[in-house]
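Next comes run-v9.txt, with compact mmCIF, C-alpha atoms.
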```txt
# COMPACT_ATOMS: atom_id res chain seq x y z
CA MET A 178 111.03 126.35 84.84
CA LYS A 179 110.47 122.72 83.97
CA LEU A 180 108.81 120.68 86.70
CA GLU A 181 111.43 117.97 86.57
CA SER A 182 114.14 120.48 87.42
CA TRP A 183 112.76 121.10 90.88
CA ILE A 184 114.10 117.90 92.34
CA GLY A 185 116.86 115.41 92.12
CA THR A 186 117.89 112.35 93.97
CA PHE A 187 119.90 109.50 92.74
CA ALA A 188 119.27 105.89 93.58
CA LEU A 189 121.48 102.94 93.00
CA GLY A 190 119.59 99.69 92.62
CA LEU A 191 121.12 96.29 92.81
CA LEU A 192 119.32 93.44 91.14
CA ALA A 193 121.27 90.50 92.48
CA ALA A 194 121.06 86.84 93.32
CA CYS A 195 121.02 87.41 97.04
CA GLY A 196 119.95 85.72 100.23
CA GLY A 197 121.10 84.58 103.65
CA GLY A 198 124.54 83.51 104.68
CA GLY A 199 127.50 85.43 106.08
CA GLY A 200 131.21 85.76 105.65
CA GLY A 201 133.22 87.47 102.97
CA ALA A 202 132.86 87.15 99.22
CA GLY A 203 133.11 83.46 98.43
CA ASN A 204 133.24 81.03 95.57
CA ALA A 205 129.68 79.68 95.52
CA GLY A 206 127.97 80.73 92.19
CA PRO A 207 127.75 84.33 91.13
CA GLY A 208 124.72 86.55 91.29
CA SER A 209 123.93 89.39 88.90
CA LEU A 210 124.17 92.96 90.08
CA GLU A 211 122.11 95.77 88.55
CA VAL A 212 122.71 99.39 89.50
CA LEU A 213 119.77 101.81 89.08
CA ALA A 214 119.05 105.49 89.74
CA THR A 215 116.16 107.58 91.26
CA ASP A 216 115.44 110.86 93.19
CA SER A 217 114.78 113.26 96.15
CA PRO A 218 114.57 117.08 96.18
CA PHE A 219 117.14 119.87 96.12
CA ALA A 220 116.38 123.51 96.91
CA HIS A 221 113.82 123.06 94.19
CA GLU A 222 112.96 126.67 93.48
CA ILE A 223 116.48 127.45 92.23
CA VAL A 224 117.55 124.35 90.27
CA GLU A 225 117.20 123.98 86.51
CA SER A 226 119.25 120.78 86.08
CA ALA A 227 121.65 118.57 88.02
CA ASP A 228 123.83 115.83 86.54
CA ILE A 229 126.68 113.60 87.60
CA TRP A 230 128.81 111.25 85.50
CA VAL A 231 129.97 107.99 87.14
CA ARG A 232 132.93 106.19 85.58
CA GLU A 233 133.56 103.39 88.08
CA VAL A 234 131.49 101.30 90.49
CA ARG A 235 133.07 98.95 93.04
CA ILE A 236 131.68 96.84 95.87
CA ARG A 237 133.53 95.50 98.93
CA GLY A 238 133.22 91.95 100.21
CA GLY A 239 135.60 90.10 102.52
CA GLY A 240 137.75 93.22 102.80
CA GLU A 241 138.42 93.33 99.05
CA PHE A 242 136.79 95.36 96.27
CA THR A 243 135.22 93.90 93.14
CA THR A 244 134.88 96.22 90.15
CA LEU A 245 131.36 96.17 88.74
CA TYR A 246 131.91 98.85 86.12
CA ASP A 247 134.95 100.70 84.77
CA GLY A 248 134.40 102.42 81.47
CA PRO A 249 132.94 105.46 79.75
CA ALA A 250 131.22 107.73 82.28
CA VAL A 251 127.50 107.13 82.69
CA GLN A 252 125.46 110.33 82.91
CA LEU A 253 122.76 110.43 85.59
CA ASP A 254 120.14 113.13 85.13
CA LEU A 255 119.28 113.59 88.80
CA ALA A 256 116.59 116.19 88.16
CA ASN A 257 114.44 113.76 86.18
CA LEU A 258 114.77 110.76 88.49
CA ARG A 259 112.07 110.92 91.16
CA ASN A 260 108.81 109.46 92.45
CA GLY A 261 109.70 105.87 91.67
CA LEU A 262 111.55 106.51 88.40
CA VAL A 263 114.89 104.70 88.40
CA ARG A 264 117.72 104.17 85.96
CA GLN A 265 120.19 101.31 85.61
CA LEU A 266 123.77 102.35 86.19
CA VAL A 267 125.45 98.96 85.78
CA GLN A 268 124.72 95.24 85.75
CA ALA A 269 127.41 92.65 86.42
CA ASP A 270 127.99 89.19 87.85
CA LEU A 271 128.92 89.18 91.53
CA PRO A 272 130.47 86.31 93.52
CA ALA A 273 128.44 84.96 96.42
CA GLY A 274 129.26 86.48 99.79
CA SER A 275 128.64 89.40 102.10
CA TYR A 276 129.14 92.98 100.87
CA ASP A 277 129.30 96.03 103.12
CA GLU A 278 130.37 99.00 100.99
CA LEU A 279 129.91 100.50 97.54
CA ARG A 280 132.22 103.07 95.97
CA LEU A 281 131.31 105.29 93.05
CA THR A 282 133.96 107.31 91.26
CA VAL A 283 132.54 110.53 89.81
CA GLU A 284 134.19 111.93 86.68
CA ARG A 285 132.12 115.08 86.28
CA SER A 286 129.25 117.04 87.83
CA ARG A 287 127.17 119.90 86.48
CA LEU A 288 124.54 122.08 88.16
CA GLU A 289 122.47 124.74 86.39
CA LEU A 290 120.36 127.24 88.34
CA VAL A 291 117.23 129.07 87.24
CA ASP A 292 119.10 132.34 86.82
CA GLY A 293 121.27 130.72 84.13
CA ASP A 294 124.38 130.24 86.27
CA VAL A 295 126.20 126.98 85.53
CA PHE A 296 128.59 125.22 87.88
CA ASP A 297 130.61 122.51 86.16
CA SER A 298 133.61 120.52 87.32
CA ASP A 299 135.00 120.75 83.77
CA LEU A 300 134.98 124.54 84.14
CA GLY A 301 136.48 124.55 87.63
CA SER A 302 133.35 125.92 89.33
CA MET A 303 132.23 122.56 90.78
CA ASN A 304 134.54 120.81 93.23
CA LEU A 305 134.15 117.02 93.07
CA THR A 306 135.87 116.66 96.49
CA SER A 307 136.95 113.07 97.19
CA THR A 308 134.29 111.57 94.88
CA ALA A 309 136.78 111.81 91.99
CA THR A 310 139.72 110.22 93.81
CA ALA A 311 138.90 107.87 96.71
CA GLY A 312 135.36 107.63 95.41
CA LEU A 313 132.01 108.14 97.10
CA GLN A 314 131.94 105.63 99.97
CA LEU A 315 128.51 104.15 100.69
CA GLU A 316 128.08 101.81 103.63
CA ILE A 317 125.66 98.89 103.22
CA ASP A 318 124.26 98.25 106.71
CA PRO A 319 123.32 95.52 107.31
CA PRO A 320 125.62 93.98 104.71
CA LEU A 321 124.12 92.66 101.50
CA GLN A 322 124.14 88.85 101.41
CA VAL A 323 124.61 87.52 97.88
CA SER A 324 123.97 83.96 96.78
CA SER A 325 122.91 82.43 93.48
CA GLY A 326 119.30 82.21 92.40
CA VAL A 327 117.67 84.99 94.44
CA ALA A 328 117.15 88.44 92.87
CA ARG A 329 117.25 91.67 94.90
CA THR A 330 117.59 95.39 94.33
CA LEU A 331 119.74 97.74 96.37
CA LEU A 332 118.56 101.35 96.21
CA LEU A 333 120.92 104.27 96.77
CA ASP A 334 118.91 107.46 97.06
CA PHE A 335 120.92 110.66 96.58
CA ASP A 336 119.27 113.63 98.28
CA LEU A 337 120.06 116.75 96.26
CA THR A 338 118.99 119.02 99.10
CA LYS A 339 122.24 117.96 100.76
CA THR A 340 124.36 116.91 97.77
CA PHE A 341 125.32 120.29 96.28
CA HIS A 342 126.85 122.80 98.71
CA ALA A 343 127.13 126.46 97.72
CA VAL A 344 130.33 128.45 98.39
CA PRO A 345 129.66 130.74 100.19
CA GLY A 346 126.62 128.99 101.60
CA ALA A 347 124.41 131.88 102.68
CA ASP A 348 122.98 132.67 99.23
CA PRO A 349 123.02 129.72 96.75
CA LEU A 350 121.93 131.89 93.81
CA ASN A 351 124.95 134.14 94.29
CA ALA A 352 127.49 131.40 95.01
CA SER A 353 130.92 131.56 93.39
CA SER A 354 131.25 127.77 93.25
CA TYR A 355 129.71 124.53 94.52
CA ASN A 356 131.05 121.44 96.27
CA LEU A 357 129.73 117.99 95.41
CA MET A 358 129.20 116.19 98.73
CA PRO A 359 126.52 113.54 98.08
CA HIS A 360 124.14 112.53 100.83
CA VAL A 361 122.85 109.03 100.16
CA TRP A 362 120.34 106.65 101.72
CA VAL A 363 120.98 102.94 101.11
CA SER A 364 118.27 100.29 101.30
CA VAL A 365 117.68 96.74 100.09
CA MET A 366 114.43 96.95 98.16
CA SER A 367 113.19 93.50 99.20
CA GLU A 368 113.32 94.68 102.82
CA THR A 369 111.33 97.88 102.28
CA GLY A 370 107.92 99.30 101.44
CA GLU A 371 106.63 102.38 99.64
CA LEU A 372 104.77 105.54 100.55
CA ARG A 373 102.59 107.15 97.87
CA GLY A 374 99.89 109.77 97.81
CA VAL A 375 98.52 112.99 96.36
CA VAL A 376 98.73 116.56 97.66
CA ARG A 377 95.65 118.65 96.86
CA GLU A 378 94.21 122.08 97.58
CA ASP A 379 90.80 123.76 97.37
CA ASP A 380 90.07 124.67 93.75
CA GLY A 381 87.86 127.59 94.83
CA SER A 382 84.66 125.86 93.69
CA GLY A 383 84.26 123.40 96.51
CA GLY A 384 86.42 120.71 94.95
CA LEU A 385 90.04 119.63 95.26
CA VAL A 386 92.84 119.83 92.71
CA GLY A 387 96.35 118.39 92.75
CA VAL A 388 99.26 120.71 93.57
CA ALA A 389 102.62 120.48 91.77
CA ASP A 390 106.08 121.05 93.24
CA VAL A 391 105.14 120.40 96.87
CA THR A 392 108.04 118.98 98.86
CA VAL A 393 107.09 115.88 100.84
CA TYR A 394 109.31 114.96 103.79
CA LEU A 395 109.51 111.63 105.61
CA LEU A 396 110.38 112.33 109.24
CA ALA A 397 111.18 110.33 112.35
CA PRO A 398 108.28 110.44 114.85
CA GLY A 399 108.23 113.81 116.59
CA GLU A 400 110.84 115.40 114.30
CA LEU A 401 109.89 119.00 113.45
CA ASP A 402 112.80 120.12 111.26
CA PRO A 403 112.55 119.16 107.56
CA GLN A 404 116.34 119.45 107.33
CA ASN A 405 116.47 116.23 109.36
CA ALA A 406 114.16 114.36 106.99
CA LEU A 407 114.86 110.68 106.39
CA ARG A 408 113.61 110.91 102.80
CA SER A 409 112.08 113.59 100.60
CA THR A 410 110.59 114.10 97.16
CA ALA A 411 108.35 116.56 95.30
CA THR A 412 104.92 116.23 93.72
CA GLU A 413 104.26 115.93 90.00
CA ALA A 414 101.89 118.15 88.01
CA ASP A 415 98.87 116.18 89.26
CA GLY A 416 99.99 116.39 92.91
CA SER A 417 101.14 112.78 93.12
CA TYR A 418 104.34 111.66 94.84
CA ALA A 419 106.15 108.45 95.73
CA LEU A 420 108.83 107.53 98.25
CA ILE A 421 110.31 104.12 97.44
CA GLY A 422 112.79 101.99 99.37
CA VAL A 423 111.44 103.02 102.79
CA MET A 424 112.24 100.77 105.75
CA PRO A 425 109.13 99.41 107.53
CA GLY A 426 108.17 101.51 110.52
CA THR A 427 106.19 104.48 111.78
CA TYR A 428 106.84 107.96 110.41
CA ASP A 429 105.56 111.51 110.40
CA VAL A 430 105.00 112.96 106.92
CA LEU A 431 105.10 116.66 106.03
CA ALA A 432 103.94 118.34 102.82
CA GLU A 433 105.32 121.86 102.32
CA LEU A 434 104.93 124.54 99.65
CA GLY A 435 106.37 127.89 100.64
CA THR A 436 104.76 128.78 103.97
CA ARG A 437 101.90 126.30 103.50
CA GLN A 438 102.15 123.01 105.37
CA ALA A 439 100.12 119.89 105.99
CA ARG A 440 101.34 117.18 108.35
CA LEU A 441 100.20 113.67 109.21
CA ASP A 442 101.84 111.85 112.12
CA GLY A 443 102.08 108.18 112.94
CA GLU A 444 101.87 106.86 109.37
CA GLN A 445 103.01 103.26 108.93
CA VAL A 446 105.06 101.67 106.16
CA PHE A 447 104.87 97.90 105.81
CA LEU A 448 107.24 95.41 104.22
CA GLY A 449 106.48 94.75 100.57
CA SER A 450 103.42 96.98 100.40
CA VAL A 451 102.38 100.50 99.44
CA SER A 452 101.04 102.85 102.12
CA THR A 453 98.89 105.77 100.97
CA VAL A 454 99.17 109.18 102.60
CA ASP A 455 97.20 112.05 101.02
CA PHE A 456 97.27 115.72 102.00
CA VAL A 457 95.12 118.82 101.60
CA LEU A 458 97.13 122.02 101.83
CA PRO A 459 95.53 124.88 103.78
```

Show how you would write the structure in this file as structure tokens.
Amino acid sequence: MKLESWIGTFALGLLAACGGGGGGAGNAGPGSLEVLATDSPFAHEIVESADIWVREVRIRGGGEFTTLYDGPAVQLDLANLRNGLVRQLVQADLPAGSYDELRLTVERSRLELVDGDVFDSDLGSMNLTSTATAGLQLEIDPPLQVSSGVARTLLLDFDLTKTFHAVPGADPLNASSYNLMPHVWVSVMSETGELRGVVREDDGSGGLVGVADVTVYLLAPGELDPQNALRSTATEADGSYALIGVMPGTYDVLAELGTRQARLDGEQVFLGSVSTVDFVLP
């Protein structure tokens, strides 16, 4: 299986002229809005590919929605977007004001598993739920303040571990269908930091070598269950990983591969900087 198929999270980035000020969308000069994409992991041992197609993007300010994009569906290859890799979804001018919600309308979704099974909304085996009608509703909290002349990026990080739901849910490889129910983290990039590192293991000769496909979880202090992770990603072939768009604070970090675990508690993420957290798997 290809390494990139082990994970998928989607991120929406906004590159906008933003800054202070409150109230609804106003008439002061527009800012530009750029929508990007990036990743986090699914049940990585069973996924070959995961894609969604977005046909409309809207943002709410002052109780009203502004359409940022409405056109041919944009394909987002969620499996390949991870560890800091992002993709632009849309860029548009945006009136100055305060914006508290994004809505994405999904036209199609497709999931392929390692056993060759394909679940596709075009084939009736993937249920888009309300993402195709009302749209995927993403709260921006605190609201994004847009004004002219200041660029920002808003990151929406889709966690595939919670985005595709098997029906029935007990055995994903033997599911009859899947529901698309995206789980998304939203962050303003200028208000965040990054966490990067490498996961290694003993190479058997007294040295260390990077380990691929390790899931790295960002946890609230004291949290023991990876299912409650605040963010997650998986390592590349050289053992490296990156978690971007992380709010400043103190976190516990867990690296897991099968039954092997390494954990470091009390790691700090600072505004506008990169914190390094490396692991050695037992």

> If you count only C-alpha atoms, which residues fall within 9 Å of region 232-236 of chain A, apart from same-chain ones fewer than 6 positions away, as a ChimeraX atom specification?
Replying inline: /A:242-252,266-267,276-285,312

>> Using only C-alpha atoms, which protein or nucleic acid residues come within 12 Å of region 428-431 of chain A? Drop anything in the same chain fewer than 5 positions from it, and give the result as a PyMOL selection string.
In response: chain A and resi 372-374+376+391-411+420+423+437-447+452-458

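The spacing separating CA of Asp254 (chain A) from CA of Asp270 (chain A) amounts to 25.3 Å.
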
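Comparing A:Arg259, A:Trp230, A:Val327, A:Thr369 by their smallest distance to Glu413 (chain A), the closest is A:Arg259 (using all atoms listed in the file).
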
>> Could you check which residues have any atom within 8 Å of (93.0, 117.4, 93.7), counting only C-alpha atoms with coordinates taken straight from the file, and then list them as number ranges by chain?
In response: A: 375-380, 384-388, 415-416

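Across the model, the gap from CA of Ala414 (chain A) to CA of Asp390 (chain A) is 7.3 Å.
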
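Going from CA of Met424 (chain A) to CA of His342 (chain A) covers 27.4 Å.
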